[in-house]
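First up is the structure itself, then whatever we jot down about it.
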Amino acid sequence: MAQENTSKMQRLKELFSEKIESTQKEVKDFIAAHGDTVIGEIKISQLYGGMRGMQALITETSKLDPAEGIRFRGYSIPELQEKLPKYPGGEQPLPEGIFYLMLYNELPDDDTVRRVSNNWARRAQIPPHVFKVIDALPMHTHPMTQFVVGIMALRTESEFKKAYRNGINKSEYWEPTYEDAMNLIARLPRVAAYIYRRMYHNGDHIEPDPSLDWSGNFAHMLGFDNEEFHELLRLYMTIHVDHEGGNVSAHTIHLVGSALSDAYQSFAAGMNGLAGPLHGLANQEVIRWIFAMRDELGGGLPSKEQIANYVRQTLNDGKVVPGFGHAVLRKTDPRYTAQRDFAQKHMPHDDLFQIVSRVYEVVPEILQETGKVKNPWPNVDAHSGQLLMHYGLTQYDFYTVLFGVSRSLGTLASLIWDRALGFPLERPGSTTTELLKEQYGKK
Ligand code: CMX
């Protein structure tokens, strides 16, 4: 049985290894032919402005178009909702499918997705010390901190670390990276669910059910066995996976990985970036902001005028309106729209959905009035909390952990490709204001 399991796991890896050689050749030939082609120019303002708009990274798994939104290996979210395999009786894509698409650059069939699911289920064992390390943290430790600590505790299992110490040839780096990525993806739901049950259900933990799909099992371990919630989590885990390479979490994982830090170290570093309020933590901040508004206004559905006043007050206090704006997007985030469609179908009369919808009607115009916000439209985080709240996942401090579990799929598929393509240590140049002034300030 153990042998049979190993050979099944090997088959997915072999399939990937068959892809590497042709892609390596394609990239090498392209660089040889076009390596000196100039693809843009850099303005001084971009150096001071967070490098917006600079094409400076290769990330094969997804590409973000400002006007259209995210595409994963060329497919939009609605296309994936149609084309990716579903759980029997379900309508939302299985996240296993989008992972396969990102890693293998091919749409999987039902059988392939089942193999990925089974593969992860077989890898999901967590060494007991991980739970002990988490248990040693004070209960008030933010769930994202507990998550990062859990990931680092899992690092004892790193195959890359062992292989490097044993002198692995650099042409084979991708192989232990693949193992680490697959193991980590398989184990993250259990770690996340452990933190959730520890914090909010008196440590009453729920054993995994390996017969379920990856996110169905995650929902089950969190304590939600409602099939509609399982569908929501499949959607959630699919739309948060990746957002090209320049966002803080993906970029960090790629950067740290470039030092040949293993998948555990790289992913934990990226999760610390995701935990920032301008990035993934915005999903908890949205609910905090809406609840504070509701409390201040005495409950119920606020009028448009009341919301507008509250938004203006937020801006006057020098704070951002969470869930709105984006560094790249210039329209309503299609990830927002996918969640709105889900709410319209399953909970059109939900109180919080009414508020989220009204906020959507009011905020963009006010942000536009400021004259400085480049994208006044809602992003993914403006909607996700409402859906979770509806099914009883009310502990919003936990929301960014869900985002993090999903983001493992895209960023770790990318990390495997980084090692397969032999990407070097990332080391851009920096300069000083004094030097810039000397070089360009006199014109
Ligand atoms: N509320 C208030 N002000 C905003 C704003 C918002 N939602 N979005 C942008 N601005 C402000 C910026 O703070 C900046 O102000 P200053 O010039 O005073 O510094 C100005 O508008 C210009 O910013 P921008 O070029 O439009 O946006 P950036 O690329 O600098 O920032 C982002 C993008 C997401 C950090 C920003 O829109 C924001 O802070 N949004 C709220 C937080 C949020 O929802 N983050 C989640 C993003 C998605 C994710 O990663 O999960």
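Scheme for the structure tokens: letters A, B, ... for chains in order shown; per-chain residue numbers from 1; ligand numbers from 1 in order shown.
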
Point to revise | All residues having an atom within 8 Å of ligand 1 (only C-alpha atoms and all ligand atoms) as a PyMOL selection string | key: chain A and resi 49-50+52+247-248+274+277-283+286+315+318-328+367+370+372-376+378-382

Going by DSSP on the backbone, which bits of stretch 48-111 of chain A are strand (DSSP E or B)? Write them as a PDB file with C-alpha atoms, in the first residue's frame, please.
ATOM      1  CA  SER A  62      -0.858  34.414 -13.908  1.00  0.00           C
ATOM      2  CA  LYS A  63      -1.005  37.889 -15.429  1.00  0.00           C
ATOM      3  CA  LEU A  64      -2.965  40.917 -14.231  1.00  0.00           C
ATOM      4  CA  ASP A  65      -4.415  43.268 -16.806  1.00  0.00           C
ATOM      5  CA  GLY A  69      -8.329  41.758 -14.171  1.00  0.00           C
ATOM      6  CA  ILE A  70      -6.534  38.524 -13.493  1.00  0.00           C
ATOM      7  CA  ARG A  71      -5.960  35.672 -15.951  1.00  0.00           C
ATOM      8  CA  PHE A  72      -4.473  32.381 -14.844  1.00  0.00           C
ATOM      9  CA  TYR A  75      -8.019  32.044 -18.427  1.00  0.00           C
ATOM     10  CA  LYS A  86     -16.139  20.585 -10.002  1.00  0.00           C
ATOM     11  CA  PRO A  93     -14.083  25.011  -9.516  1.00  0.00           C
TER      12      PRO A  93
END

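Around A:Ile20, within 10 Å and counting only C-alpha atoms, the residues found are Leu15, Phe16, Ser17, Glu18, Ser22, Thr23, Gln24, Lys25, Glu26, Tyr104, Trp174, Trp417, Ala420 and Leu421 of chain A, once anything fewer than 2 positions away on its own chain is removed.
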
Check your understanding: atom CA of A:Thr314 and atom CA of A:His140, how far apart in Å?
Key ->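 Going from atom CA of A:His140 over to atom CA of A:Thr314, I get 27.1 Å.
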
**Study point:** Selected residue of minimal separation from A:Arg190 among A:Thr394, A:Gln368, A:Gln125, A:Ser211, counting only C-alpha atoms
**Key:**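 Of the candidates, the smallest distance to A:Arg190 is held by A:Gln125.
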
Exercise for review: Rank nothing, just name the residue among A:Pro189, A:Gly74, A:Pro424, A:Gly216 nearest to A:Glu106, using only C-alpha atoms.
Suggested key: A:Gly74

Review point. Using the chain letters and numbers from this document, which residues of stretch 12-251 of chain A does DSSP assign to alpha helix (DSSP H), as JSON, numbers by chain?
Key: {"A": [12, 13, 14, 15, 16, 17, 18, 19, 20, 21, 22, 23, 24, 25, 26, 27, 28, 29, 30, 31, 32, 33, 34, 44, 45, 46, 47, 48, 77, 78, 79, 80, 81, 82, 83, 95, 96, 97, 98, 99, 100, 101, 102, 103, 104, 110, 111, 112, 113, 114, 115, 116, 117, 118, 119, 120, 121, 122, 123, 128, 129, 130, 131, 132, 133, 134, 135, 143, 144, 145, 146, 147, 148, 149, 150, 151, 152, 153, 154, 159, 160, 161, 162, 163, 164, 165, 174, 175, 176, 177, 178, 179, 180, 181, 182, 183, 184, 185, 186, 187, 188, 189, 190, 191, 192, 193, 194, 195, 196, 197, 198, 199, 200, 214, 215, 216, 217, 218, 219, 220, 221, 222, 227, 228, 229, 230, 231, 232, 233, 234, 235, 236, 237, 238, 239, 248, 249, 250, 251]}

Got time to write the residues from that selection, C-alpha atoms, as a tab-separated table (two decimals), in the first residue's frame?
chain	number	residue	atom	x	y	z
A	12	LEU	CA	2.35	13.58	-10.99
A	13	LYS	CA	5.97	14.58	-10.46
A	14	GLU	CA	7.12	12.68	-13.54
A	15	LEU	CA	4.48	14.47	-15.56
A	16	PHE	CA	5.91	17.76	-14.40
A	17	SER	CA	9.49	16.73	-15.08
A	18	GLU	CA	8.50	16.02	-18.70
A	19	LYS	CA	7.48	19.67	-19.06
A	20	ILE	CA	10.70	21.14	-17.76
A	21	GLU	CA	13.11	20.43	-20.59
A	22	SER	CA	11.01	21.96	-23.37
A	23	THR	CA	10.20	25.05	-21.29
A	24	GLN	CA	13.86	25.51	-20.34
A	25	LYS	CA	14.77	25.37	-24.02
A	26	GLU	CA	11.98	27.77	-24.99
A	27	VAL	CA	13.16	30.34	-22.41
A	28	LYS	CA	16.84	29.91	-23.29
A	29	ASP	CA	16.19	30.35	-27.00
A	30	PHE	CA	14.03	33.40	-26.36
A	31	ILE	CA	16.71	35.07	-24.23
A	32	ALA	CA	19.36	34.23	-26.85
A	33	ALA	CA	17.28	35.81	-29.60
A	34	HIS	CA	15.79	38.80	-27.75
A	44	ILE	CA	12.74	58.60	-11.36
A	45	SER	CA	9.21	58.90	-9.91
A	46	GLN	CA	8.87	55.09	-10.17
A	47	LEU	CA	11.91	54.61	-7.95
A	48	TYR	CA	10.20	56.66	-5.25
A	77	ILE	CA	-12.25	33.67	-13.54
A	78	PRO	CA	-15.60	33.16	-15.38
A	79	GLU	CA	-13.83	30.93	-17.91
A	80	LEU	CA	-12.33	28.85	-15.12
A	81	GLN	CA	-15.69	28.60	-13.38
A	82	GLU	CA	-16.92	27.02	-16.58
A	83	LYS	CA	-13.93	24.88	-17.56
A	95	PRO	CA	-8.79	24.60	-6.31
A	96	GLU	CA	-6.79	21.47	-7.16
A	97	GLY	CA	-7.67	22.26	-10.79
A	98	ILE	CA	-6.34	25.81	-10.81
A	99	PHE	CA	-3.14	24.61	-9.13
A	100	TYR	CA	-2.71	22.02	-11.86
A	101	LEU	CA	-3.37	24.61	-14.54
A	102	MET	CA	-0.80	27.02	-13.07
A	103	LEU	CA	1.89	24.37	-12.62
A	104	TYR	CA	1.36	22.29	-15.76
A	110	ASP	CA	-11.81	15.26	-13.55
A	111	ASP	CA	-9.50	12.32	-13.10
A	112	THR	CA	-6.37	14.48	-12.90
A	113	VAL	CA	-7.94	16.74	-10.30
A	114	ARG	CA	-8.87	13.68	-8.25
A	115	ARG	CA	-5.23	12.57	-8.42
A	116	VAL	CA	-4.03	15.95	-7.15
A	117	SER	CA	-6.61	15.78	-4.35
A	118	ASN	CA	-5.53	12.27	-3.35
A	119	ASN	CA	-1.88	13.22	-3.61
A	120	TRP	CA	-2.33	16.09	-1.15
A	121	ALA	CA	-4.46	13.93	1.18
A	122	ARG	CA	-1.59	11.41	1.36
A	123	ARG	CA	0.90	14.14	2.23
A	128	PRO	CA	3.20	16.70	16.44
A	129	HIS	CA	5.80	19.32	17.38
A	130	VAL	CA	4.05	21.81	15.04
A	131	PHE	CA	0.94	21.77	17.20
A	132	LYS	CA	3.06	22.09	20.34
A	133	VAL	CA	4.85	25.13	18.96
A	134	ILE	CA	1.51	26.80	18.14
A	135	ASP	CA	0.12	25.87	21.56
A	143	PRO	CA	-3.84	34.18	13.75
A	144	MET	CA	-1.46	35.28	10.96
A	145	THR	CA	1.45	35.22	13.41
A	146	GLN	CA	0.42	31.76	14.59
A	147	PHE	CA	0.18	30.70	10.93
A	148	VAL	CA	3.71	31.90	10.15
A	149	VAL	CA	5.07	30.22	13.28
A	150	GLY	CA	3.28	26.99	12.26
A	151	ILE	CA	4.81	27.15	8.76
A	152	MET	CA	8.28	27.65	10.18
A	153	ALA	CA	7.75	24.76	12.61
A	154	LEU	CA	6.85	22.56	9.61
A	159	GLU	CA	13.35	18.05	1.53
A	160	PHE	CA	15.23	20.91	-0.15
A	161	LYS	CA	17.18	21.66	3.04
A	162	LYS	CA	18.25	18.00	3.28
A	163	ALA	CA	19.07	17.70	-0.41
A	164	TYR	CA	21.15	20.87	-0.39
A	165	ARG	CA	23.14	19.67	2.59
A	174	TRP	CA	13.22	21.76	-8.70
A	175	GLU	CA	12.65	18.24	-7.40
A	176	PRO	CA	12.90	18.79	-3.62
A	177	THR	CA	11.22	22.19	-4.16
A	178	TYR	CA	8.31	20.33	-5.76
A	179	GLU	CA	8.18	17.94	-2.77
A	180	ASP	CA	8.28	20.81	-0.26
A	181	ALA	CA	5.62	22.79	-2.14
A	182	MET	CA	3.26	19.82	-2.43
A	183	ASN	CA	3.76	18.87	1.23
A	184	LEU	CA	3.25	22.42	2.40
A	185	ILE	CA	0.06	22.90	0.35
A	186	ALA	CA	-1.24	19.58	1.69
A	187	ARG	CA	-0.53	20.55	5.31
A	188	LEU	CA	-1.52	24.22	5.46
A	189	PRO	CA	-5.30	23.62	5.84
A	190	ARG	CA	-4.69	21.45	8.89
A	191	VAL	CA	-2.39	24.05	10.48
A	192	ALA	CA	-4.87	26.84	9.72
A	193	ALA	CA	-7.82	24.84	11.06
A	194	TYR	CA	-5.82	23.97	14.18
A	195	ILE	CA	-5.26	27.68	14.87
A	196	TYR	CA	-8.95	28.44	14.28
A	197	ARG	CA	-10.25	25.70	16.57
A	198	ARG	CA	-7.63	26.53	19.19
A	199	MET	CA	-8.59	30.19	19.30
A	200	TYR	CA	-12.33	30.10	18.81
A	214	TRP	CA	-8.72	19.69	-0.35
A	215	SER	CA	-10.90	22.70	0.49
A	216	GLY	CA	-13.92	20.58	1.49
A	217	ASN	CA	-11.69	18.91	4.05
A	218	PHE	CA	-10.41	22.32	5.15
A	219	ALA	CA	-14.01	23.52	5.69
A	220	HIS	CA	-14.72	20.30	7.60
A	221	MET	CA	-11.71	20.77	9.90
A	222	LEU	CA	-12.76	24.37	10.54
A	227	GLU	CA	-22.18	21.92	1.43
A	228	GLU	CA	-22.95	25.53	0.43
A	229	PHE	CA	-20.05	26.70	2.62
A	230	HIS	CA	-17.83	24.05	0.99
A	231	GLU	CA	-18.75	25.56	-2.38
A	232	LEU	CA	-17.93	29.04	-1.08
A	233	LEU	CA	-14.55	27.88	0.18
A	234	ARG	CA	-13.79	26.26	-3.21
A	235	LEU	CA	-14.54	29.59	-4.87
A	236	TYR	CA	-12.55	31.49	-2.22
A	237	MET	CA	-9.55	29.15	-2.53
A	238	THR	CA	-9.68	29.48	-6.33
A	239	ILE	CA	-9.86	33.26	-6.66
A	248	VAL	CA	3.85	41.85	-1.83
A	249	SER	CA	3.24	38.20	-0.91
A	250	ALA	CA	4.10	36.68	-4.31
A	251	HIS	CA	7.09	38.94	-4.82

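Neighbours of A:Gly300 closer than or equal to 9 Å, with only C-alpha atoms counted and sequence neighbours fewer than 6 positions away skipped, come out as Arg294, Asp351 and Ile355 of chain A.
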
Same residues, all heavy atoms, saved as a JSON list (two decimals), in the first residue's frame:
[["chain", "number", "residue", "atom", "x", "y", "z"],
["A", 294, "ARG", "N", -21.46, 50.63, 11.35],
["A", 294, "ARG", "CA", -22.81, 50.21, 11.77],
["A", 294, "ARG", "C", -23.07, 50.58, 13.23],
["A", 294, "ARG", "O", -24.13, 51.09, 13.58],
["A", 294, "ARG", "CB", -22.92, 48.70, 11.57],
["A", 294, "ARG", "CG", -24.28, 48.21, 11.22],
["A", 294, "ARG", "CD", -24.29, 46.72, 10.98],
["A", 294, "ARG", "NE", -23.62, 45.98, 12.05],
["A", 294, "ARG", "CZ", -23.47, 44.65, 12.06],
["A", 294, "ARG", "NH1", -23.97, 43.94, 11.07],
["A", 294, "ARG", "NH2", -22.86, 44.05, 13.04],
["A", 351, "ASP", "N", -28.29, 40.77, 5.47],
["A", 351, "ASP", "CA", -28.16, 42.18, 5.91],
["A", 351, "ASP", "C", -26.80, 42.76, 5.54],
["A", 351, "ASP", "O", -26.71, 43.90, 5.06],
["A", 351, "ASP", "CB", -28.33, 42.27, 7.43],
["A", 351, "ASP", "CG", -29.76, 42.00, 7.85],
["A", 351, "ASP", "OD1", -30.64, 41.97, 6.95],
["A", 351, "ASP", "OD2", -29.99, 41.80, 9.06],
["A", 355, "ILE", "N", -25.39, 45.93, 3.04],
["A", 355, "ILE", "CA", -24.47, 47.03, 3.38],
["A", 355, "ILE", "C", -23.30, 47.06, 2.40],
["A", 355, "ILE", "O", -22.94, 48.12, 1.86],
["A", 355, "ILE", "CB", -23.96, 46.89, 4.84],
["A", 355, "ILE", "CG1", -25.12, 46.92, 5.83],
["A", 355, "ILE", "CG2", -22.95, 48.01, 5.16],
["A", 355, "ILE", "CD1", -24.73, 46.84, 7.29]]

Check your understanding: Counting only C-alpha atoms, which of A:Ile307, A:Leu329, A:Leu387, A:Ile290 gets nearest to A:Gly53?
Key ->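 Of all the options, A:Leu329 lies closest to A:Gly53.
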
Exercise for review: Would you kindly return, as a VMD selection string, each protein, DNA or RNA residue with an atom no farther than 12 Å from any atom of stretch 343-345 of chain A, considering only C-alpha atoms and excluding same-chain residues fewer than 5 positions away?
Suggested key: chain A and resid 91 228 to 229 231 to 232 235 336 to 338 350 to 354 356 to 357 383 to 391

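Look at A:Ile58: the protein and nucleic acid residues within 10 Å of it, using only C-alpha atoms and passing over chain neighbours fewer than 5 places away, are Lys63, Glu244, Gly245, Gly246, His254, Ser414, Asp418 and Phe423 of chain A.
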
Print the selection's residues with all heavy atoms to a file, as a PDB file, in the first residue's frame.
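Printed below is part.pdb as written:
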ATOM      1  N   LYS A  63      -1.323  36.537 -14.959  1.00  0.00           N
ATOM      2  CA  LYS A  63      -1.005  37.889 -15.429  1.00  0.00           C
ATOM      3  C   LYS A  63      -2.197  38.793 -15.160  1.00  0.00           C
ATOM      4  O   LYS A  63      -3.342  38.430 -15.437  1.00  0.00           O
ATOM      5  CB  LYS A  63      -0.684  37.824 -16.933  1.00  0.00           C
ATOM      6  CG  LYS A  63      -0.521  39.168 -17.604  1.00  0.00           C
ATOM      7  CD  LYS A  63       0.766  39.872 -17.197  1.00  0.00           C
ATOM      8  CE  LYS A  63       0.832  41.299 -17.761  1.00  0.00           C
ATOM      9  NZ  LYS A  63       1.604  42.188 -16.882  1.00  0.00           N
ATOM     10  N   GLU A 244      -0.502  37.676 -10.314  1.00  0.00           N
ATOM     11  CA  GLU A 244       0.803  37.857 -10.960  1.00  0.00           C
ATOM     12  C   GLU A 244       1.904  38.020  -9.912  1.00  0.00           C
ATOM     13  O   GLU A 244       1.679  37.745  -8.742  1.00  0.00           O
ATOM     14  CB  GLU A 244       0.783  38.946 -12.061  1.00  0.00           C
ATOM     15  CG  GLU A 244       0.733  40.364 -11.587  1.00  0.00           C
ATOM     16  CD  GLU A 244       1.032  41.393 -12.714  1.00  0.00           C
ATOM     17  OE1 GLU A 244       0.650  41.188 -13.877  1.00  0.00           O
ATOM     18  OE2 GLU A 244       1.649  42.429 -12.386  1.00  0.00           O
ATOM     19  N   GLY A 245       3.105  38.468 -10.328  1.00  0.00           N
ATOM     20  CA  GLY A 245       4.251  38.330  -9.422  1.00  0.00           C
ATOM     21  C   GLY A 245       4.627  39.516  -8.572  1.00  0.00           C
ATOM     22  O   GLY A 245       5.419  39.383  -7.644  1.00  0.00           O
ATOM     23  N   GLY A 246       4.067  40.701  -8.838  1.00  0.00           N
ATOM     24  CA  GLY A 246       4.574  41.887  -8.160  1.00  0.00           C
ATOM     25  C   GLY A 246       3.912  42.215  -6.841  1.00  0.00           C
ATOM     26  O   GLY A 246       4.399  43.066  -6.094  1.00  0.00           O
ATOM     27  N   HIS A 254       8.999  34.817  -4.063  1.00  0.00           N
ATOM     28  CA  HIS A 254       9.946  34.659  -5.173  1.00  0.00           C
ATOM     29  C   HIS A 254      11.334  35.176  -4.766  1.00  0.00           C
ATOM     30  O   HIS A 254      12.359  34.519  -5.010  1.00  0.00           O
ATOM     31  CB  HIS A 254       9.391  35.431  -6.366  1.00  0.00           C
ATOM     32  CG  HIS A 254      10.355  35.636  -7.479  1.00  0.00           C
ATOM     33  ND1 HIS A 254      10.690  34.637  -8.372  1.00  0.00           N
ATOM     34  CD2 HIS A 254      11.084  36.726  -7.839  1.00  0.00           C
ATOM     35  CE1 HIS A 254      11.568  35.105  -9.239  1.00  0.00           C
ATOM     36  NE2 HIS A 254      11.817  36.369  -8.941  1.00  0.00           N
ATOM     37  N   SER A 414       4.709  28.785  -8.693  1.00  0.00           N
ATOM     38  CA  SER A 414       5.719  29.683  -9.267  1.00  0.00           C
ATOM     39  C   SER A 414       7.116  29.348  -8.757  1.00  0.00           C
ATOM     40  O   SER A 414       8.085  29.391  -9.510  1.00  0.00           O
ATOM     41  CB  SER A 414       5.427  31.135  -8.878  1.00  0.00           C
ATOM     42  OG  SER A 414       4.550  31.706  -9.786  1.00  0.00           O
ATOM     43  N   ASP A 418      10.460  28.597 -10.691  1.00  0.00           N
ATOM     44  CA  ASP A 418      11.683  29.395 -10.489  1.00  0.00           C
ATOM     45  C   ASP A 418      12.903  28.476 -10.437  1.00  0.00           C
ATOM     46  O   ASP A 418      13.941  28.753 -11.036  1.00  0.00           O
ATOM     47  CB  ASP A 418      11.619  30.187  -9.172  1.00  0.00           C
ATOM     48  CG  ASP A 418      10.628  31.348  -9.224  1.00  0.00           C
ATOM     49  OD1 ASP A 418      10.086  31.638 -10.302  1.00  0.00           O
ATOM     50  OD2 ASP A 418      10.386  31.955  -8.158  1.00  0.00           O
ATOM     51  N   PHE A 423      16.221  30.211 -12.178  1.00  0.00           N
ATOM     52  CA  PHE A 423      16.281  31.661 -11.971  1.00  0.00           C
ATOM     53  C   PHE A 423      17.334  31.991 -10.917  1.00  0.00           C
ATOM     54  O   PHE A 423      17.430  31.320  -9.890  1.00  0.00           O
ATOM     55  CB  PHE A 423      14.914  32.203 -11.522  1.00  0.00           C
ATOM     56  CG  PHE A 423      13.921  32.342 -12.660  1.00  0.00           C
ATOM     57  CD1 PHE A 423      12.607  32.683 -12.399  1.00  0.00           C
ATOM     58  CD2 PHE A 423      14.298  32.151 -13.976  1.00  0.00           C
ATOM     59  CE1 PHE A 423      11.678  32.821 -13.424  1.00  0.00           C
ATOM     60  CE2 PHE A 423      13.386  32.287 -15.019  1.00  0.00           C
ATOM     61  CZ  PHE A 423      12.076  32.622 -14.735  1.00  0.00           C
TER      62      PHE A 423
END

Check your understanding: Neighbours of A:Val362 within 9 Å (only C-alpha atoms; same-chain residues fewer than 4 positions away dropped), as a list in words?
Key ->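 Surrounding residues, per the criterion: Lys304, Glu305, Ile307, Ala308, Val311, Ser357, Arg358 and Ile366 of chain A.
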
Check your understanding: From the set A:Glu172, A:Glu369, A:Glu426, A:His243, which residue has the shortest atom-to-atom contact distance to A:Arg73, counting only C-alpha atoms?
Key ->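 Under the stated criterion, the closest residue is A:His243.
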
Practice item. Rank nothing, just name the residue among A:Gln439, A:Ser7, A:Ser303, A:Thr411 nearest to A:Thr59, using only C-alpha atoms. Key: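 Of A:Gln439, A:Ser7, A:Ser303, A:Thr411, the one nearest A:Thr59, counting only C-alpha atoms, is A:Thr411.
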
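What separates atom CA of A:Pro66 from atom CA of A:Pro334 is a distance of 11.0 Å.
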
Point to revise | Of the listed residues A:Tyr396, A:Arg427, A:Asp36, A:Asn226, that which approaches A:Phe291 most closely, counting only C-alpha atoms | key: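 Counting only C-alpha atoms, the residue closest to A:Phe291 is A:Tyr396.
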